[in-house]
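Structure file model-v5.cif with mmCIF, C-alpha atoms and all ligand atoms:
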data_protein
loop_
_atom_site.label_atom_id
_atom_site.label_comp_id
_atom_site.auth_asym_id
_atom_site.auth_seq_id
_atom_site.Cartn_x
_atom_site.Cartn_y
_atom_site.Cartn_z
CA MET A 1 119.47 87.22 78.28
CA ASP A 2 119.22 83.95 76.41
CA LEU A 3 115.84 82.25 76.97
CA VAL A 4 117.31 78.87 77.98
CA HIS A 5 119.62 80.61 80.43
CA ALA A 6 116.73 82.57 81.96
CA ILE A 7 114.53 79.48 82.29
CA THR A 8 117.20 77.28 83.86
CA ASN A 9 118.94 79.87 86.04
CA ARG A 10 115.87 81.62 87.46
CA ARG A 11 115.47 80.71 91.11
CA SER A 12 112.67 81.31 93.60
CA ILE A 13 113.89 84.09 95.85
CA HIS A 14 113.19 84.07 99.59
CA GLU A 15 115.42 86.94 100.73
CA PHE A 16 115.25 90.46 99.35
CA THR A 17 117.13 93.69 99.84
CA GLU A 18 115.05 96.59 101.13
CA ASP A 19 115.21 98.46 97.80
CA GLU A 20 111.98 98.96 95.92
CA VAL A 21 111.74 98.14 92.23
CA PRO A 22 110.68 101.34 90.38
CA LYS A 23 107.00 101.37 89.36
CA ASP A 24 107.94 101.84 85.70
CA VAL A 25 110.02 98.67 85.78
CA LEU A 26 107.14 96.71 87.36
CA ARG A 27 104.77 98.15 84.74
CA GLU A 28 107.15 97.08 81.97
CA ILE A 29 107.54 93.56 83.38
CA PHE A 30 103.80 92.97 83.72
CA SER A 31 102.93 94.63 80.43
CA LYS A 32 105.32 92.27 78.61
CA ALA A 33 104.11 89.30 80.72
CA ALA A 34 100.66 90.02 79.28
CA TRP A 35 101.85 88.54 75.96
CA ALA A 36 101.04 85.19 77.58
CA PRO A 37 98.74 82.95 75.53
CA THR A 38 95.09 83.57 76.33
CA HIS A 39 92.16 81.61 74.92
CA ARG A 40 89.45 83.87 73.45
CA MET A 41 91.77 86.81 74.21
CA LYS A 42 90.29 87.04 77.69
CA GLU A 43 93.55 88.31 79.26
CA PRO A 44 92.16 87.12 82.60
CA TRP A 45 94.98 88.40 84.88
CA LEU A 46 94.30 91.14 87.40
CA LEU A 47 96.92 92.52 89.73
CA ASN A 48 97.16 94.45 93.00
CA ILE A 49 100.69 95.36 94.04
CA TYR A 50 100.99 96.07 97.76
CA GLN A 51 104.08 98.12 98.57
CA GLY A 52 105.19 100.91 100.88
CA GLU A 53 102.40 101.97 103.22
CA GLY A 54 100.05 99.67 101.31
CA ILE A 55 101.70 96.59 102.83
CA GLU A 56 100.44 97.17 106.40
CA PRO A 57 96.69 96.59 105.79
CA TYR A 58 97.52 93.64 103.51
CA VAL A 59 99.71 92.06 106.21
CA SER A 60 97.00 92.63 108.84
CA ALA A 61 94.55 90.74 106.61
CA VAL A 62 97.10 87.90 106.22
CA LEU A 63 97.55 87.68 110.02
CA SER A 64 93.78 87.69 110.63
CA SER A 65 93.48 84.82 108.16
CA TYR A 66 96.23 82.82 109.87
CA GLU A 67 94.43 83.46 113.16
CA ARG A 68 91.06 82.27 111.76
CA GLN A 69 92.71 79.14 110.42
CA GLY A 70 94.06 78.25 113.88
CA PHE A 71 97.72 78.79 112.99
CA PHE A 72 98.47 80.23 116.45
CA ASP A 73 96.08 78.09 118.51
CA ASN A 74 98.63 75.85 120.21
CA TYR A 75 100.70 78.66 121.71
CA ASN A 76 100.28 80.88 124.74
CA GLU A 77 99.38 84.53 124.27
CA GLU A 78 102.92 85.83 124.62
CA LYS A 79 104.28 83.36 122.06
CA GLN A 80 101.36 84.15 119.73
CA GLU A 81 102.20 87.86 119.83
CA ARG A 82 105.86 87.13 119.10
CA MET A 83 104.93 84.88 116.17
CA LYS A 84 102.56 87.50 114.75
CA GLU A 85 105.16 90.23 115.08
CA GLY A 86 107.74 87.96 113.38
CA ILE A 87 105.42 87.30 110.44
CA ARG A 88 104.45 90.99 110.25
CA GLN A 89 108.08 92.09 110.09
CA PHE A 90 109.03 89.32 107.66
CA LEU A 91 106.25 90.29 105.24
CA LYS A 92 106.84 94.04 105.66
CA ASN A 93 110.48 93.54 104.67
CA ILE A 94 109.45 92.20 101.27
CA PRO A 95 109.33 95.24 98.96
CA HIS A 96 106.38 94.16 96.77
CA HIS A 97 103.51 91.71 97.16
CA ALA A 98 101.89 91.31 93.75
CA LEU A 99 98.52 89.64 94.25
CA VAL A 100 97.41 88.02 91.01
CA TYR A 101 93.70 87.26 90.67
CA MET A 102 91.11 86.59 88.01
CA GLU A 103 87.38 86.67 87.48
CA ARG A 104 85.70 83.32 88.12
CA ASP A 105 84.03 81.93 85.01
CA SER A 106 81.02 79.73 85.91
CA ASP A 107 81.97 77.42 83.03
CA LEU A 108 84.61 75.03 84.44
CA ILE A 109 86.41 74.63 81.11
CA LYS A 110 86.75 78.38 80.68
CA TYR A 111 87.75 78.73 84.33
CA GLU A 112 90.59 76.24 83.77
CA GLU A 113 91.67 78.01 80.59
CA ASP A 114 91.75 81.31 82.43
CA TYR A 115 93.73 79.83 85.31
CA ALA A 116 96.22 78.29 82.87
CA SER A 117 96.63 81.62 81.11
CA VAL A 118 97.18 83.47 84.40
CA CYS A 119 99.88 80.92 85.31
CA ALA A 120 101.59 81.53 81.96
CA PHE A 121 101.41 85.27 82.72
CA ILE A 122 103.05 84.63 86.11
CA GLN A 123 105.89 82.58 84.65
CA ASN A 124 106.48 85.26 82.00
CA ALA A 125 106.67 87.84 84.80
CA GLN A 126 109.12 85.66 86.75
CA LEU A 127 111.42 85.31 83.75
CA LEU A 128 111.18 88.98 82.74
CA SER A 129 111.97 89.94 86.34
CA TRP A 130 114.94 87.60 86.43
CA GLU A 131 116.30 89.09 83.24
CA ARG A 132 116.38 92.47 85.04
CA GLY A 133 117.97 91.13 88.24
CA ILE A 134 114.66 91.11 90.11
CA GLY A 135 113.70 88.09 92.21
CA VAL A 136 110.25 86.57 92.62
CA LEU A 137 108.72 84.00 94.93
CA TRP A 138 105.47 82.58 93.54
CA THR A 139 103.35 81.79 96.60
CA THR A 140 99.99 80.12 97.09
CA SER A 141 99.47 80.36 100.85
CA PRO A 142 96.25 79.14 102.55
CA TYR A 143 94.87 82.69 102.94
CA LEU A 144 94.33 82.78 99.18
CA HIS A 145 91.57 80.23 99.80
CA ASP A 146 90.04 82.13 102.73
CA PRO A 147 86.95 84.06 101.51
CA GLN A 148 87.16 86.44 104.48
CA PHE A 149 90.74 87.37 103.51
CA ALA A 150 89.51 88.24 100.02
CA GLU A 151 86.70 90.33 101.55
CA ASP A 152 89.16 92.05 103.88
CA ILE A 153 91.31 93.19 100.97
CA GLY A 154 88.28 94.22 98.95
CA ILE A 155 88.28 91.49 96.29
CA GLY A 156 84.85 89.80 96.34
CA PRO A 157 85.48 86.04 96.67
CA ASP A 158 82.32 85.09 94.76
CA THR A 159 83.40 87.11 91.74
CA TYR A 160 87.15 86.58 91.82
CA LYS A 161 89.68 83.81 92.41
CA LEU A 162 92.94 84.74 94.12
CA VAL A 163 95.62 82.89 92.14
CA ALA A 164 98.96 83.78 93.75
CA VAL A 165 101.01 86.34 95.56
CA LEU A 166 104.33 87.12 93.91
CA GLN A 167 106.79 88.36 96.49
CA MET A 168 109.19 90.60 94.58
CA GLY A 169 112.35 92.62 95.04
CA TYR A 170 116.09 92.53 94.45
CA PRO A 171 117.58 89.22 95.66
CA ASN A 172 119.71 89.24 98.78
CA ARG A 173 120.59 85.60 98.26
CA VAL A 174 120.04 83.27 95.33
CA PRO A 175 119.47 79.66 96.43
CA LYS A 176 121.14 76.72 94.73
CA ALA A 177 119.17 75.08 91.93
CA LYS A 178 117.09 72.05 92.81
CA PRO A 179 117.86 69.52 90.08
CA ARG A 180 115.06 68.46 87.74
CA THR A 181 114.17 64.89 86.84
CA PRO A 182 115.42 63.81 83.40
CA ILE A 183 112.53 64.36 81.02
CA GLU A 184 112.95 60.83 79.60
CA GLU A 185 111.31 59.62 82.84
CA LYS A 186 108.24 61.68 82.13
CA MET A 187 107.94 61.82 78.37
CA THR A 188 106.98 59.14 75.89
CA PHE A 189 106.98 59.38 72.12
CA ILE A 190 104.06 57.40 70.77
CA GLN A 191 104.32 56.66 67.11
CA SER A 192 103.55 53.74 64.89
C1 LIG B 201 101.83 77.30 92.00
C2 LIG B 201 103.10 77.45 92.80
C3 LIG B 201 103.00 77.78 94.14
C4 LIG B 201 104.16 77.94 94.92
N1 LIG B 201 104.01 78.30 96.23
C5 LIG B 201 105.09 78.44 96.99
C6 LIG B 201 104.96 78.83 98.34
O1 LIG B 201 103.84 79.05 98.84
N2 LIG B 201 106.09 78.97 99.08
C7 LIG B 201 107.32 78.77 98.53
O2 LIG B 201 108.33 78.89 99.25
N3 LIG B 201 107.50 78.43 97.23
C8 LIG B 201 106.41 78.27 96.45
N4 LIG B 201 106.56 77.96 95.13
C9 LIG B 201 107.91 77.91 94.52
C10 LIG B 201 108.47 76.50 94.50
O3 LIG B 201 108.76 76.09 95.82
C11 LIG B 201 109.77 76.52 93.64
O4 LIG B 201 109.46 76.83 92.32
C12 LIG B 201 110.49 75.16 93.68
O5 LIG B 201 111.01 74.91 94.96
C13 LIG B 201 111.65 75.10 92.68
O6 LIG B 201 112.59 76.12 92.95
P1 LIG B 201 113.04 77.14 91.78
O7 LIG B 201 111.81 77.93 91.41
O8 LIG B 201 114.10 78.00 92.43
O9 LIG B 201 113.58 76.35 90.65
C14 LIG B 201 105.44 77.77 94.33
C15 LIG B 201 105.53 77.45 92.96
C16 LIG B 201 104.37 77.30 92.21
C17 LIG B 201 104.48 76.96 90.74
#
What is this structure when it is put down as structure tokens?
Amino acid sequence: MDLVHAITNRRSIHEFTEDEVPKDVLREIFSKAAWAPTHRMKEPWLLNIYQGEGIEPYVSAVLSSYERQGFFDNYNEEKQERMKEGIRQFLKNIPHHALVYMERDSDLIKYEEDYASVCAFIQNAQLLSWERGIGVLWTTSPYLHDPQFAEDIGIGPDTYKLVAVLQMGYPNRVPKAKPRTPIEEKMTFIQS
């Protein structure tokens, strides 16, 4: 696929078929994504892919986090249970949840460089997935900032930063493109 075509036609996917992407294909996507630029060759990306039976404990940790953050507080018990079940089913129907995380560098400059590099890795993975007909939704939900959630899934929050969860699978529906602002409104050539 032509690079410009991939960049402009890739869409964030919210609805997936139930089919799993083969592990080899996921390995190939993320191994090529790892050609992202990386200052000092730190290759800071780390990845847990929750799928199959592995989704249940992950989803339970997500629900506990929502609960801690008061997401369900304004509803009666019956409604709360229905909401939780809805979220549980919704998340369980997504074939892969690729949690991307990185080690926290105590030096802020290096931390920012690492975060930037991990984001480049994620965009590479999105484009490589798209090229193979696989959809991705890059998410940064509030539980990624909940230290207890990180503990619950076994990723020490003092050592690691949770960067994103990539929801992945074969698209059931591809949304329409949201137009981008002409770059002239954001870019200035400065020359004498
Ligand atoms: C850092 C980051 C976090 C995002 N988090 C979410 C999210 O939590 N939920 C969501 O629906 N989309 C999320 N998105 C996807 C954007 O909503 C999406 O890219 C935007 O609407 C443009 O749509 P497109 O990707 O199809 O062009 C995120 C994108 C980025 C870069």
Would you mind listing the residues within 12 Å of ligand LIG 201 (chain B), counting all atoms listed in the file, as a PyMOL selection string? chain A and resi 6-15+100+115-116+118-123+126-127+130+135-144+162-167+173-180
List every residue of range 148-191 of chain A that has an atom at most 8 Å from any atom of range 54-63 of chain A, giving for each one its closest atom pair and the distance in Å to one decimal, counting all atoms listed in the file, sorted by chain and then by ascending residue number, as a Markdown table.
| residue | atom | partner | partner_atom | distance |
| --- | --- | --- | --- | --- |
| A:Phe149 | CA | A:Ala61 | CA | 6.0 |
| A:Asp152 | CA | A:Ala61 | CA | 6.2 |
| A:Ile153 | CA | A:Tyr58 | CA | 6.7 |
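Distance check against Pro171 in chain A using only C-alpha atoms: of A:Met187, A:Leu46, A:Ser129, A:Ser192, the minimum falls on A:Ser129.
Of the listed residues (A:Lys84, A:Lys92, A:Arg27, A:Lys79), A:Lys92 comes nearest to Gly52 in chain A; the distances count only C-alpha atoms.
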Test item: residues at most 9 Å from Phe30 in chain A, all atoms listed in the file, excluding those fewer than 2 positions along its chain, as JSON, numbers by chain: {"A": [25, 26, 27, 28, 32, 33, 34, 121, 122, 124, 125, 128]}
Please write the residues from the selection above to a file, keeping C-alpha atoms, as a compact mmCIF listing (two decimals), keeping the file's coordinate frame.
# COMPACT_ATOMS: atom_id res chain seq x y z
CA VAL A 25 110.02 98.67 85.78
CA LEU A 26 107.14 96.71 87.36
CA ARG A 27 104.77 98.15 84.74
CA GLU A 28 107.15 97.08 81.97
CA LYS A 32 105.32 92.27 78.61
CA ALA A 33 104.11 89.30 80.72
CA ALA A 34 100.66 90.02 79.28
CA PHE A 121 101.41 85.27 82.72
CA ILE A 122 103.05 84.63 86.11
CA ASN A 124 106.48 85.26 82.00
CA ALA A 125 106.67 87.84 84.80
CA LEU A 128 111.18 88.98 82.74
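Atom pair CA of Pro95 in chain A / CA of Tyr170 in chain A has a distance of 8.6 Å (rounded to one decimal).
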To one decimal in Å, tell me the separation between CA of Asp114 in chain A and CA of Tyr160 in chain A.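 Computed distance, CA of Asp114 in chain A to CA of Tyr160 in chain A, equals 11.7 Å.
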Report, in Å to a single decimal, how far apart CA of Phe90 in chain A and CA of Phe71 in chain A are.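 For CA of Phe71 in chain A relative to CA of Phe90 in chain A, the distance reads 16.3 Å.
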Do a neighbour search on Lys161 in chain A at 9 Å with all atoms listed in the file, toss out local chain neighbours closer than 2 positions, and write the hits as a ChimeraX atom specification. /A:100-104,144-145,150,155-159,163
Excluding Ile94 in chain A and residues on its chain fewer than 5 positions from it, collect all residues at most 8 Å away from it, counting only C-alpha atoms, and give them as a VMD selection string. chain A and resid 15 to 18 167 to 169
